[in-house]
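Just target.tsv here, TSV, C-alpha atoms:
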chain	number	residue	atom	x	y	z
A	5	MET	CA	81.47	48.69	90.70
A	6	THR	CA	79.28	49.50	93.71
A	7	ILE	CA	81.01	51.51	96.41
A	8	THR	CA	79.76	51.34	99.99
A	9	CYS	CA	80.26	53.93	102.75
A	10	GLU	CA	82.75	51.56	104.44
A	11	ARG	CA	85.04	51.71	101.41
A	12	ILE	CA	85.27	55.51	101.31
A	13	ASP	CA	88.20	55.59	103.75
A	14	ASP	CA	90.12	53.04	101.66
A	15	LEU	CA	89.65	55.23	98.60
A	16	LEU	CA	90.72	58.35	100.47
A	17	PHE	CA	93.78	56.51	101.74
A	18	GLU	CA	94.76	55.63	98.18
A	19	GLY	CA	94.25	59.29	97.29
A	20	ASP	CA	94.93	58.90	93.54
A	21	ALA	CA	92.65	60.45	90.91
A	22	GLU	CA	90.88	57.17	90.12
A	23	SER	CA	90.10	56.41	93.78
A	24	LEU	CA	88.87	59.95	94.40
A	25	ALA	CA	86.65	59.75	91.31
A	26	LEU	CA	85.09	56.52	92.63
A	27	ALA	CA	84.58	58.16	96.03
A	28	GLY	CA	82.96	61.14	94.30
A	29	LYS	CA	80.61	58.85	92.40
A	30	HIS	CA	79.44	57.28	95.65
A	31	ALA	CA	79.23	60.65	97.42
A	32	ALA	CA	76.86	61.95	94.74
A	33	GLN	CA	74.24	59.57	96.14
A	34	CYS	CA	75.22	59.61	99.84
A	35	ARG	CA	74.79	62.79	101.90
A	36	SER	CA	77.13	61.91	104.80
A	37	CYS	CA	79.91	60.75	102.48
A	38	ARG	CA	79.42	63.88	100.36
A	39	GLU	CA	80.04	66.10	103.40
A	40	LYS	CA	83.08	64.05	104.29
A	41	LEU	CA	84.48	64.26	100.77
A	42	ASP	CA	83.74	67.99	100.52
A	43	ASP	CA	85.73	68.61	103.71
A	44	TRP	CA	88.54	66.38	102.42
A	45	HIS	CA	88.80	68.44	99.22
A	46	ASP	CA	88.32	71.70	101.11
A	47	ILE	CA	91.31	70.93	103.33
A	48	SER	CA	93.46	70.13	100.27
A	49	THR	CA	92.38	73.29	98.42
A	50	THR	CA	93.05	75.43	101.49
A	51	ALA	CA	96.45	73.76	101.97
A	52	LYS	CA	97.47	74.41	98.35
A	53	SER	CA	96.71	78.10	98.83
A	54	MET	CA	99.17	78.21	101.73
A	55	HIS	CA	102.25	77.96	99.53
A	56	VAL	CA	103.86	81.39	99.80
A	57	THR	CA	106.31	83.44	97.78
A	58	TRP	CA	108.32	86.40	99.05
A	59	GLN	CA	107.52	89.86	97.67
A	60	ASN	CA	110.95	91.26	98.39
A	61	ASP	CA	113.86	88.91	98.66
A	62	MET	CA	116.83	90.18	100.66
A	63	LEU	CA	117.73	86.74	101.95
A	64	TRP	CA	120.30	85.65	99.37
A	65	PRO	CA	122.75	88.50	100.12
A	66	ARG	CA	122.44	87.58	103.83
A	67	ILE	CA	123.19	83.94	103.07
A	68	GLN	CA	126.13	84.87	100.86
A	69	ARG	CA	127.60	86.92	103.67
A	70	SER	CA	127.12	84.13	106.19
A	71	ILE	CA	128.79	81.45	104.02
A	72	LYS	CA	131.73	83.69	103.19
A	73	PRO	CA	133.03	84.43	106.68
A	74	SER	CA	136.36	85.95	105.66
A	75	PHE	CA	134.63	88.41	103.37
A	76	GLY	CA	132.11	89.08	106.14
A	77	TRP	CA	134.85	89.84	108.68
A	78	MET	CA	136.55	92.19	106.25
A	79	ARG	CA	133.31	94.09	105.86
A	80	ILE	CA	132.73	94.20	109.60
A	81	ALA	CA	136.30	95.44	110.08
A	82	ALA	CA	135.77	98.07	107.38
A	83	ALA	CA	132.52	99.17	109.04
A	84	ILE	CA	134.29	99.47	112.42
A	85	ILE	CA	137.10	101.52	110.85
A	86	VAL	CA	134.58	103.84	109.17
A	87	THR	CA	132.66	104.25	112.45
A	88	ILE	CA	135.86	104.96	114.39
A	89	GLY	CA	136.88	107.44	111.67
A	90	ILE	CA	133.61	109.32	111.88
A	91	SER	CA	133.68	109.33	115.69
A	92	ALA	CA	137.30	110.55	115.72
A	93	SER	CA	136.46	113.36	113.27
A	94	VAL	CA	133.52	114.44	115.38
A	95	TRP	CA	135.62	114.28	118.58
A	96	PHE	CA	138.45	116.21	116.93
A	97	ALA	CA	136.09	118.86	115.63
A	98	ALA	CA	134.50	119.10	119.03
A	99	HIS	CA	137.62	119.21	121.24
A	100	VAL	CA	140.53	120.71	119.30
A	101	ARG	CA	138.71	123.86	118.41
A	102	VAL	CA	137.30	124.45	121.88
A	103	SER	CA	138.31	128.10	122.24
A	104	ARG	CA	136.89	129.14	118.88
A	105	ASP	CA	133.81	127.01	119.46
A	106	LYS	CA	133.11	128.68	122.80
A	107	ALA	CA	132.69	132.06	121.17
A	108	PHE	CA	130.84	130.49	118.29
A	109	ASP	CA	128.56	128.58	120.63
A	110	GLN	CA	127.72	131.77	122.54
A	111	ALA	CA	126.55	133.37	119.36
A	112	ILE	CA	124.82	130.40	117.90
A	113	LEU	CA	122.87	129.74	121.05
A	114	ARG	CA	120.96	132.96	120.55
A	115	ALA	CA	117.53	132.40	119.19
A	116	THR	CA	117.97	134.28	115.92
A	117	ALA	CA	121.21	132.52	115.19
A	118	MET	CA	119.47	129.22	115.94
A	119	ASP	CA	116.87	130.01	113.31
A	120	ASP	CA	119.62	130.66	110.75
A	121	VAL	CA	121.28	127.37	111.63
A	122	GLU	CA	118.03	125.50	111.32
A	123	ARG	CA	117.31	127.13	107.95
A	124	ALA	CA	120.75	126.10	106.69
A	125	GLU	CA	120.26	122.60	108.04
A	126	LYS	CA	116.89	122.36	106.36
A	127	ALA	CA	118.39	123.36	103.00
A	128	HIS	CA	121.09	120.73	103.50
A	129	VAL	CA	118.52	118.08	104.42
A	130	ASP	CA	116.36	118.98	101.40
A	131	ALA	CA	119.37	118.59	99.12
A	132	ILE	CA	120.07	115.16	100.61
A	133	ALA	CA	116.41	114.22	100.21
A	134	LYS	CA	116.67	115.01	96.48
A	135	LEU	CA	119.76	112.84	96.29
A	136	GLU	CA	117.90	110.10	98.15
A	137	LYS	CA	115.06	110.21	95.63
A	138	LEU	CA	117.56	109.72	92.80
A	139	ALA	CA	119.12	106.75	94.60
A	140	ALA	CA	115.81	105.18	95.67
A	141	PRO	CA	115.31	102.93	92.59
A	142	LYS	CA	118.80	101.44	93.10
A	143	LEU	CA	118.21	100.91	96.81
A	144	ASP	CA	114.71	99.48	96.58
A	145	GLU	CA	116.00	96.51	94.62
A	146	PRO	CA	119.76	96.39	95.14
A	147	GLN	CA	121.44	94.38	92.41
A	148	THR	CA	124.87	93.92	93.93
A	149	PRO	CA	126.10	93.00	97.43
A	150	ILE	CA	127.76	96.41	97.75
A	151	LEU	CA	124.41	98.13	97.10
A	152	VAL	CA	122.89	95.93	99.80
A	153	SER	CA	125.59	97.00	102.22
A	154	TYR	CA	125.08	100.67	101.27
A	155	LYS	CA	121.39	100.20	101.97
A	156	GLU	CA	122.16	98.75	105.40
A	157	LYS	CA	124.61	101.57	106.12
A	158	LEU	CA	122.00	104.16	105.14
A	159	MET	CA	119.45	102.50	107.41
A	160	LEU	CA	121.94	102.68	110.29
A	161	LEU	CA	122.64	106.33	109.54
A	162	ASP	CA	118.90	107.09	109.37
A	163	ASP	CA	118.42	105.50	112.79
A	164	ALA	CA	121.31	107.53	114.23
A	165	ILE	CA	120.00	110.72	112.59
A	166	ALA	CA	116.54	110.09	114.05
A	167	GLU	CA	118.09	109.63	117.49
A	168	CYS	CA	120.08	112.88	117.20
A	169	GLN	CA	116.97	114.66	115.98
A	170	THR	CA	115.08	113.48	119.04
A	171	ASN	CA	117.85	114.83	121.27
A	172	ILE	CA	117.78	118.14	119.41
A	173	ASP	CA	114.00	118.33	119.76
A	174	GLN	CA	114.50	118.07	123.52
A	175	ASN	CA	117.26	120.70	123.56
A	176	ARG	CA	117.56	122.68	120.35
A	177	GLN	CA	120.59	124.61	121.63
A	178	ASN	CA	122.77	121.54	122.01
A	179	ALA	CA	125.54	122.45	119.58
A	180	GLN	CA	127.40	119.20	120.21
A	181	VAL	CA	124.54	117.06	119.01
A	182	ARG	CA	124.01	119.39	116.05
A	183	LYS	CA	127.61	118.79	114.98
A	184	GLN	CA	127.11	115.07	115.24
A	185	LEU	CA	123.97	115.39	113.17
A	186	LEU	CA	125.82	117.38	110.55
A	187	ALA	CA	128.56	114.74	110.40
A	188	MET	CA	125.95	112.04	109.91
A	189	TYR	CA	124.18	113.99	107.18
A	190	SER	CA	127.51	114.48	105.43
A	191	GLU	CA	128.23	110.76	105.68
A	192	LYS	CA	124.75	110.02	104.33
A	193	GLN	CA	125.35	112.42	101.42
A	194	ARG	CA	128.67	110.71	100.62
A	195	THR	CA	127.04	107.27	100.79
A	196	LEU	CA	124.18	108.32	98.51
A	197	ARG	CA	126.72	109.62	95.99
A	198	ASP	CA	128.53	106.28	96.19
A	199	VAL	CA	125.21	104.51	95.61
A	200	LEU	CA	124.53	106.59	92.49
A	201	ARG	CA	128.05	105.89	91.24
A	202	GLU	CA	127.71	102.18	92.02
A	203	GLY	CA	124.21	102.17	90.49
A	204	ALA	CA	125.63	103.72	87.30
A	205	ASN	CA	128.25	100.96	87.17
A	206	VAL	CA	125.56	98.30	87.51
A	207	SER	CA	123.32	99.63	84.76
A	208	ASN	CA	126.23	100.51	82.44
A	209	PRO	CA	128.86	97.86	82.94
B	11	MET	CA	104.80	70.80	90.07
B	12	GLN	CA	108.53	70.75	90.54
B	13	ALA	CA	109.65	67.40	91.89
B	14	VAL	CA	112.50	66.87	94.30
B	15	ALA	CA	113.49	63.83	92.25
B	16	THR	CA	114.59	66.14	89.45
B	17	PHE	CA	117.30	67.65	91.65
B	18	THR	CA	120.72	67.03	90.24
B	19	ARG	CA	123.28	65.15	92.25
B	20	VAL	CA	126.23	67.39	92.90
B	21	ASN	CA	129.67	66.11	93.69
B	22	GLN	CA	131.70	67.62	96.51
B	23	PRO	CA	134.14	69.76	94.55
B	24	GLU	CA	131.17	71.26	92.77
B	25	ILE	CA	129.33	71.88	96.01
B	26	ALA	CA	132.33	73.71	97.34
B	27	ALA	CA	131.83	76.44	94.80
B	28	SER	CA	129.52	79.10	96.09
B	29	ALA	CA	127.99	79.27	92.61
B	30	ASN	CA	126.26	75.99	93.49
B	31	PHE	CA	124.74	77.56	96.57
B	32	ASP	CA	123.50	80.29	94.32
B	33	GLN	CA	121.99	77.63	92.05
B	34	LEU	CA	120.53	75.73	95.02
B	35	TYR	CA	118.96	78.95	96.25
B	36	ARG	CA	117.62	79.93	92.84
B	37	THR	CA	116.13	76.48	92.26
B	38	HIS	CA	114.86	75.65	95.73
B	39	GLY	CA	114.98	78.89	97.73
B	40	GLU	CA	111.33	79.77	97.19
B	41	ARG	CA	110.10	76.33	98.22
B	42	MET	CA	112.51	76.20	101.17
B	43	LYS	CA	111.17	79.53	102.43
B	44	SER	CA	107.58	78.40	101.97
B	45	ILE	CA	108.26	75.15	103.87
B	46	ALA	CA	109.95	77.07	106.68
B	47	TYR	CA	107.15	79.65	106.76
B	48	ASN	CA	104.50	76.94	106.96
B	49	HIS	CA	106.36	75.31	109.84
B	50	LEU	CA	107.20	78.48	111.76
B	51	GLY	CA	104.41	80.90	110.79
B	52	SER	CA	106.71	83.92	110.64
B	53	VAL	CA	108.62	85.47	107.75
B	54	SER	CA	111.64	86.45	109.81
B	55	ASP	CA	111.86	83.03	111.51
B	56	ALA	CA	111.49	81.34	108.11
B	57	GLU	CA	114.31	83.45	106.65
B	58	ASP	CA	116.50	82.71	109.69
B	59	ALA	CA	115.82	78.98	109.29
B	60	VAL	CA	116.70	79.01	105.57
B	61	GLN	CA	119.87	81.03	106.24
B	62	GLU	CA	120.83	78.64	109.05
B	63	THR	CA	120.21	75.70	106.70
B	64	PHE	CA	122.58	77.08	104.06
B	65	LEU	CA	125.18	77.69	106.74
B	66	LYS	CA	124.81	74.13	108.08
B	67	VAL	CA	125.02	72.73	104.54
B	68	HIS	CA	128.16	74.78	103.96
B	69	ARG	CA	129.77	73.60	107.19
B	70	ALA	CA	128.75	69.96	106.80
B	71	MET	CA	129.71	69.54	103.15
B	72	SER	CA	132.50	67.15	104.10
B	73	THR	CA	129.94	64.79	105.68
B	74	PHE	CA	127.73	64.69	102.58
B	75	THR	CA	127.97	61.11	101.34
B	76	GLY	CA	126.02	61.46	98.11
B	77	GLU	CA	123.57	58.68	99.09
B	78	ALA	CA	120.66	61.07	98.85
B	79	SER	CA	120.52	63.91	96.36
B	80	PHE	CA	122.11	67.11	97.54
B	81	SER	CA	118.81	68.96	97.58
B	82	THR	CA	117.03	66.20	99.53
B	83	TRP	CA	119.84	66.46	102.08
B	84	ALA	CA	119.38	70.24	102.25
B	85	TYR	CA	115.61	69.86	102.71
B	86	ARG	CA	116.21	67.38	105.54
B	87	ILE	CA	118.49	69.89	107.26
B	88	LEU	CA	115.87	72.59	106.75
B	89	ILE	CA	113.10	70.51	108.34
B	90	ASN	CA	115.35	69.69	111.33
B	91	THR	CA	116.26	73.37	111.66
B	92	CYS	CA	112.54	74.23	111.73
B	93	TYR	CA	111.99	71.61	114.45
B	94	ASP	CA	114.85	73.18	116.47
B	95	HIS	CA	113.22	76.62	116.14
B	96	LEU	CA	109.85	75.21	117.22
B	97	ARG	CA	111.39	73.46	120.24
B	98	ARG	CA	113.26	76.60	121.28
B	99	ARG	CA	110.06	78.57	120.94
B	100	LYS	CA	108.16	76.01	123.00
B	101	ARG	CA	110.83	76.11	125.73
B	102	ARG	CA	110.55	79.90	125.85
B	103	GLY	CA	106.76	79.60	125.90
B	104	ASP	CA	106.43	81.87	122.85
B	105	GLU	CA	103.25	81.97	120.82
B	106	GLU	CA	103.57	81.24	117.13
B	107	SER	CA	103.52	84.57	115.33
B	108	LEU	CA	101.42	85.01	112.24
B	109	ASP	CA	102.88	87.88	110.26
B	110	ASP	CA	101.32	87.38	106.88
B	111	THR	CA	102.04	90.72	105.27
B	112	PRO	CA	105.31	90.32	103.37
B	113	VAL	CA	104.36	87.16	101.49
B	114	GLU	CA	102.16	86.41	98.54
B	115	ARG	CA	99.88	83.42	98.34
B	116	MET	CA	99.72	81.15	95.34
B	117	ALA	CA	95.93	81.23	95.38
B	118	ASN	CA	94.09	84.13	96.89
B	119	THR	CA	90.67	82.75	96.06
B	120	VAL	CA	90.64	80.70	99.26
B	121	ASP	CA	88.97	82.24	102.26
B	122	ASP	CA	91.51	83.65	104.75
B	123	THR	CA	89.44	82.31	107.63
B	124	LYS	CA	89.90	78.78	106.35
B	125	ARG	CA	93.62	79.32	105.98
B	126	MET	CA	93.87	80.65	109.51
B	127	MET	CA	91.86	77.71	110.80
B	128	LEU	CA	94.03	75.18	108.96
B	129	ARG	CA	97.17	76.89	110.24
B	130	ARG	CA	95.89	76.68	113.82
B	131	LEU	CA	95.07	72.99	113.37
B	132	LEU	CA	98.52	72.34	111.87
B	133	GLU	CA	100.23	74.08	114.78
B	134	ALA	CA	98.68	71.57	117.14
B	135	LEU	CA	99.98	68.57	115.16
B	136	PRO	CA	103.09	66.59	116.10
B	137	GLU	CA	106.17	67.59	114.06
B	138	GLN	CA	106.25	64.65	111.68
B	139	ARG	CA	102.55	64.84	110.82
B	140	ARG	CA	102.85	68.54	110.20
B	141	SER	CA	105.85	68.01	107.91
B	142	VAL	CA	104.22	65.25	105.86
B	143	PHE	CA	101.06	67.32	105.42
B	144	THR	CA	103.02	70.47	104.54
B	145	LEU	CA	105.31	68.74	102.04
B	146	PHE	CA	102.50	66.82	100.33
B	147	GLU	CA	99.50	69.11	100.43
B	148	ILE	CA	101.09	72.56	100.47
B	149	GLU	CA	104.32	71.99	98.55
B	150	GLY	CA	103.11	69.22	96.26
B	151	LEU	CA	105.92	66.71	96.84
B	152	SER	CA	105.32	63.00	96.24
B	153	HIS	CA	105.36	60.37	98.98
B	154	ALA	CA	108.63	59.01	97.55
B	155	GLU	CA	110.26	62.43	97.91
B	156	ILE	CA	108.82	62.99	101.39
B	157	ALA	CA	110.01	59.53	102.47
B	158	GLU	CA	113.55	60.38	101.38
B	159	ILE	CA	113.55	63.77	103.10
B	160	LEU	CA	112.07	62.56	106.41
B	161	GLY	CA	113.83	59.20	106.46
B	162	ILE	CA	110.62	57.16	106.58
B	163	SER	CA	109.08	54.62	104.20
B	164	GLU	CA	106.78	55.67	101.37
B	165	ALA	CA	103.93	53.62	102.86
B	166	ASN	CA	104.48	55.33	106.20
B	167	SER	CA	104.32	58.75	104.56
B	168	LYS	CA	101.03	57.78	102.88
B	169	TRP	CA	99.58	56.49	106.14
B	170	ILE	CA	100.66	59.57	108.11
B	171	LEU	CA	99.05	61.85	105.51
B	172	PHE	CA	95.79	59.89	105.57
B	173	SER	CA	95.50	59.79	109.36
B	174	THR	CA	96.48	63.49	109.61
B	175	LYS	CA	93.80	64.48	107.12
B	176	LYS	CA	91.25	62.35	108.98
B	177	GLN	CA	92.21	64.14	112.19
B	178	LEU	CA	91.93	67.55	110.49
B	179	GLN	CA	88.64	66.58	108.88
B	180	GLU	CA	87.11	65.81	112.27
B	181	GLN	CA	87.99	69.31	113.49
B	182	TRP	CA	87.35	71.12	110.20
B	183	ARG	CA	83.71	72.12	110.81
B	184	LYS	CA	84.01	72.63	114.54
B	185	PRO	CA	84.09	76.29	115.59
B	186	GLN	CA	87.64	77.21	116.69
Re-express the file's structure as structure tokens.
Amino acid sequence: MTITCERIDDLLFEGDAESLALAGKHAAQCRSCREKLDDWHDISTTAKSMHVTWQNDMLWPRIQRSIKPSFGWMRIAAAIIVTIGISASVWFAAHVRVSRDKAFDQAILRATAMDDVERAEKAHVDAIAKLEKLAAPKLDEPQTPILVSYKEKLMLLDDAIAECQTNIDQNRQNAQVRKQLLAMYSEKQRTLRDVLREGANVSNP
Amino acid sequence: MQAVATFTRVNQPEIAASANFDQLYRTHGERMKSIAYNHLGSVSDAEDAVQETFLKVHRAMSTFTGEASFSTWAYRILINTCYDHLRRRKRRGDEESLDDTPVERMANTVDDTKRMMLRRLLEALPEQRRSVFTLFEIEGLSHAEIAEILGISEANSKWILFSTKKQLQEQWRKPQ
């Protein structure tokens, strides 16, 4: 069958393998139709390469939470209670022991004492970092919704810690902020322990 | 190629179980995210659209009549959700973001410049043309499946694809 340039569009409209083969046969002898067909195929090849897959999929836990509202509210309520608990502890520690803290603050605000505090903090932070390394494989690819929520909690704590750290960098003698930082590190340590425990449950049911 | 026609019909009591959402996600989640990404051009917007779709499906389960397959219905909701996002973005005057980093391409042999150019050309297309092109050329669905999802005839889907490709072809070699 002889194909003319006028029929190329009809063949492209059909788009099936047979029609495209006929178009190709004609294009082999016709320069302008060859360019047209090359572009046609080029567009299709480029389009096929645009299908994407996700490298790290955290969406399903999010969807699960959104389609289970009661469970979601319970978790939000639990998070609020935990936050209030931490805040109350920090407030209590800060206000009930004012008289003892005053004397303590006077001493700790001295430069040498500050160095000691920072050394102790650093040792504490290093210990948490080791714990974090142990928990990292579980947190990188959380296998249960609770691990996902631990991961989110840890991210929140890291943000809060970074904020405190910035405040301390501006005023290293701010004992109040240091106490808050310590409370957050302690919470982070507890959470990491929970992650390791939860992780152990996942791998050894 | 995984066809939409192979989706199982799910009756309402079954749908109600969240296990079926899990199954829907495992079977179609990847493609749903790819469709959303290729409509919205952003990973976070695509994830939001897929999440919103699941939520809408969950809320509207009582209105599911079973005339179309459950997955076709979900895809239709997804496409409409993407249109809503695009309209909101247009109202706000936002530019389409192109954050390509957290995704992997099926074929990395294709020149990125060509991909970028095709994406730009697709952005300028009307919604329906963009959807037909995306579903057929990028996601590999048949015209019958596209017709069911978009609520158009098969012949219409074929015509829209042809005229869209002709339009793209005219701009393909022009410098952007």
- Query: With only C-alpha atoms as the basis for distance, which of A:Ser91, A:Asn60, A:Gln33, A:Thr8 is at the shortest distance from chain B?
  - Reply: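 Ranking A:Ser91, A:Asn60, A:Gln33, A:Thr8 by distance to chain B, first place goes to A:Asn60.
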- Query: Using all atoms listed in the file, which of the listed residues (B:Glu164, B:Asp122, B:Asp94, B:Glu158) sits closest to chain A?
  - Reply: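 Of the candidates, the smallest distance to chain A is held by B:Asp122.
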I'd like a table as a Markdown table: residues in chain B with an atom no more than 9 Å from chain A, each row giving the shortest atom pair and its distance in Å to one decimal, only C-alpha atoms counted, sorted by chain and rising residue number.
| residue | atom | partner | partner_atom | distance |
| --- | --- | --- | --- | --- |
| B:Ser28 | CA | A:Gln68 | CA | 8.2 |
| B:Phe31 | CA | A:Gln68 | CA | 8.6 |
| B:Asp32 | CA | A:Trp64 | CA | 8.0 |
| B:Tyr35 | CA | A:Trp64 | CA | 7.5 |
| B:Gly39 | CA | A:Trp64 | CA | 8.8 |
| B:Glu40 | CA | A:Thr57 | CA | 6.2 |
| B:Arg41 | CA | A:Thr57 | CA | 8.1 |
| B:Lys43 | CA | A:Thr57 | CA | 7.8 |
| B:Ser44 | CA | A:Val56 | CA | 5.2 |
| B:Ile45 | CA | A:His55 | CA | 7.9 |
| B:Tyr47 | CA | A:Val56 | CA | 7.9 |
| B:Asn48 | CA | A:Met54 | CA | 7.6 |
| B:Val53 | CA | A:Trp58 | CA | 8.8 |
| B:Glu57 | CA | A:Leu63 | CA | 6.7 |
| B:Asp58 | CA | A:Leu63 | CA | 8.8 |
| B:Val60 | CA | A:Ile67 | CA | 8.5 |
| B:Gln61 | CA | A:Ile67 | CA | 5.4 |
| B:Glu62 | CA | A:Ile67 | CA | 8.3 |
| B:Phe64 | CA | A:Ile67 | CA | 7.0 |
| B:Leu65 | CA | A:Ile71 | CA | 5.9 |
| B:His68 | CA | A:Ile71 | CA | 6.7 |
| B:Arg69 | CA | A:Ile71 | CA | 8.5 |
| B:Pro112 | CA | A:Gln59 | CA | 6.1 |
| B:Val113 | CA | A:Trp58 | CA | 4.7 |
| B:Glu114 | CA | A:Thr57 | CA | 5.2 |
| B:Arg115 | CA | A:Val56 | CA | 4.7 |
| B:Met116 | CA | A:Ser53 | CA | 5.5 |
| B:Ala117 | CA | A:Ser53 | CA | 4.7 |
| B:Asn118 | CA | A:Ser53 | CA | 6.9 |
| B:Thr119 | CA | A:Ser53 | CA | 8.1 |
| B:Val120 | CA | A:Thr50 | CA | 6.2 |
| B:Asp121 | CA | A:Thr50 | CA | 8.0 |
| B:Asp122 | CA | A:Thr50 | CA | 9.0 |
| B:Lys124 | CA | A:Thr50 | CA | 6.7 |
| B:Arg125 | CA | A:Thr50 | CA | 6.0 |
| B:Leu128 | CA | A:Ala51 | CA | 7.5 |
| B:Arg129 | CA | A:Met54 | CA | 8.8 |
| B:Phe143 | CA | A:Ala51 | CA | 8.6 |
| B:Thr144 | CA | A:Ala51 | CA | 7.8 |
| B:Glu147 | CA | A:Ala51 | CA | 5.8 |
| B:Ile148 | CA | A:Lys52 | CA | 4.6 |
| B:Glu149 | CA | A:His55 | CA | 6.4 |
| B:Gly150 | CA | A:Lys52 | CA | 7.9 |
| B:Lys168 | CA | A:Phe17 | CA | 7.4 |
| B:Trp169 | CA | A:Phe17 | CA | 7.3 |
| B:Leu171 | CA | A:Phe17 | CA | 8.4 |
| B:Phe172 | CA | A:Phe17 | CA | 5.5 |
| B:Ser173 | CA | A:Phe17 | CA | 8.5 |
| B:Lys175 | CA | A:Trp44 | CA | 7.3 |
| B:Lys176 | CA | A:Trp44 | CA | 8.2 |
| B:Leu178 | CA | A:Ile47 | CA | 7.9 |
| B:Gln179 | CA | A:Asp43 | CA | 6.3 |
| B:Trp182 | CA | A:Asp43 | CA | 7.1 |
| B:Arg183 | CA | A:Asp43 | CA | 8.2 |
- Rounded to one decimal place, report the atom CA of A:Ala27-atom CA of A:Leu15 distance in Å.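 Atom CA of A:Leu15 lies at a distance of 6.4 Å from atom CA of A:Ala27.
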- Item | Selected residue of minimal separation from A:Lys157 among A:Ala124, A:Ala187, A:Ala139, A:Ala83, counting only C-alpha atoms |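 Counting only C-alpha atoms, the residue closest to A:Lys157 is A:Ala83.
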Determine, counting all atoms listed in the file, which protein, DNA and RNA residues have an atom within 12 Å of an atom of A:Val129; residues of the same chain fewer than 4 positions away are not included. Present the result as a short mmCIF file (atom, residue, chain, number, x, y, z; two decimals) with C-alpha atoms, in the coordinates of the input.
data_model
loop_
_atom_site.label_atom_id
_atom_site.label_comp_id
_atom_site.auth_asym_id
_atom_site.auth_seq_id
_atom_site.Cartn_x
_atom_site.Cartn_y
_atom_site.Cartn_z
CA GLU A 122 118.03 125.50 111.32
CA ARG A 123 117.31 127.13 107.95
CA ALA A 124 120.75 126.10 106.69
CA GLU A 125 120.26 122.60 108.04
CA ALA A 133 116.41 114.22 100.21
CA LYS A 134 116.67 115.01 96.48
CA LEU A 135 119.76 112.84 96.29
CA GLU A 136 117.90 110.10 98.15
CA ILE A 165 120.00 110.72 112.59
CA LEU A 185 123.97 115.39 113.17
CA LEU A 186 125.82 117.38 110.55
CA MET A 188 125.95 112.04 109.91
CA TYR A 189 124.18 113.99 107.18
CA SER A 190 127.51 114.48 105.43
CA LYS A 192 124.75 110.02 104.33
CA GLN A 193 125.35 112.42 101.42
#
- Message: Rounded to one decimal, what separation in Å do you get between atom CA of B:Asp55 and atom CA of B:Trp83?
- Response: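 It comes out at 20.7 Å.
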- Query: Any idea what the distance is between atom CA of B:His95 and atom CA of B:Ala46?
  - Reply: 10.0 Å
- Message: Counting only C-alpha atoms, which residue out of A:Leu200, A:Leu26, A:Val121, A:Ala82 sits closest to A:Gln177?
- Response: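 Looking at the shortest contact to A:Gln177, the residue is A:Val121.
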- Item | Shortest interatomic distance to A:Ser93 - which of A:Arg197, A:Arg11, A:Lys183, A:Lys155, counting all atoms listed in the file | A:Lys183
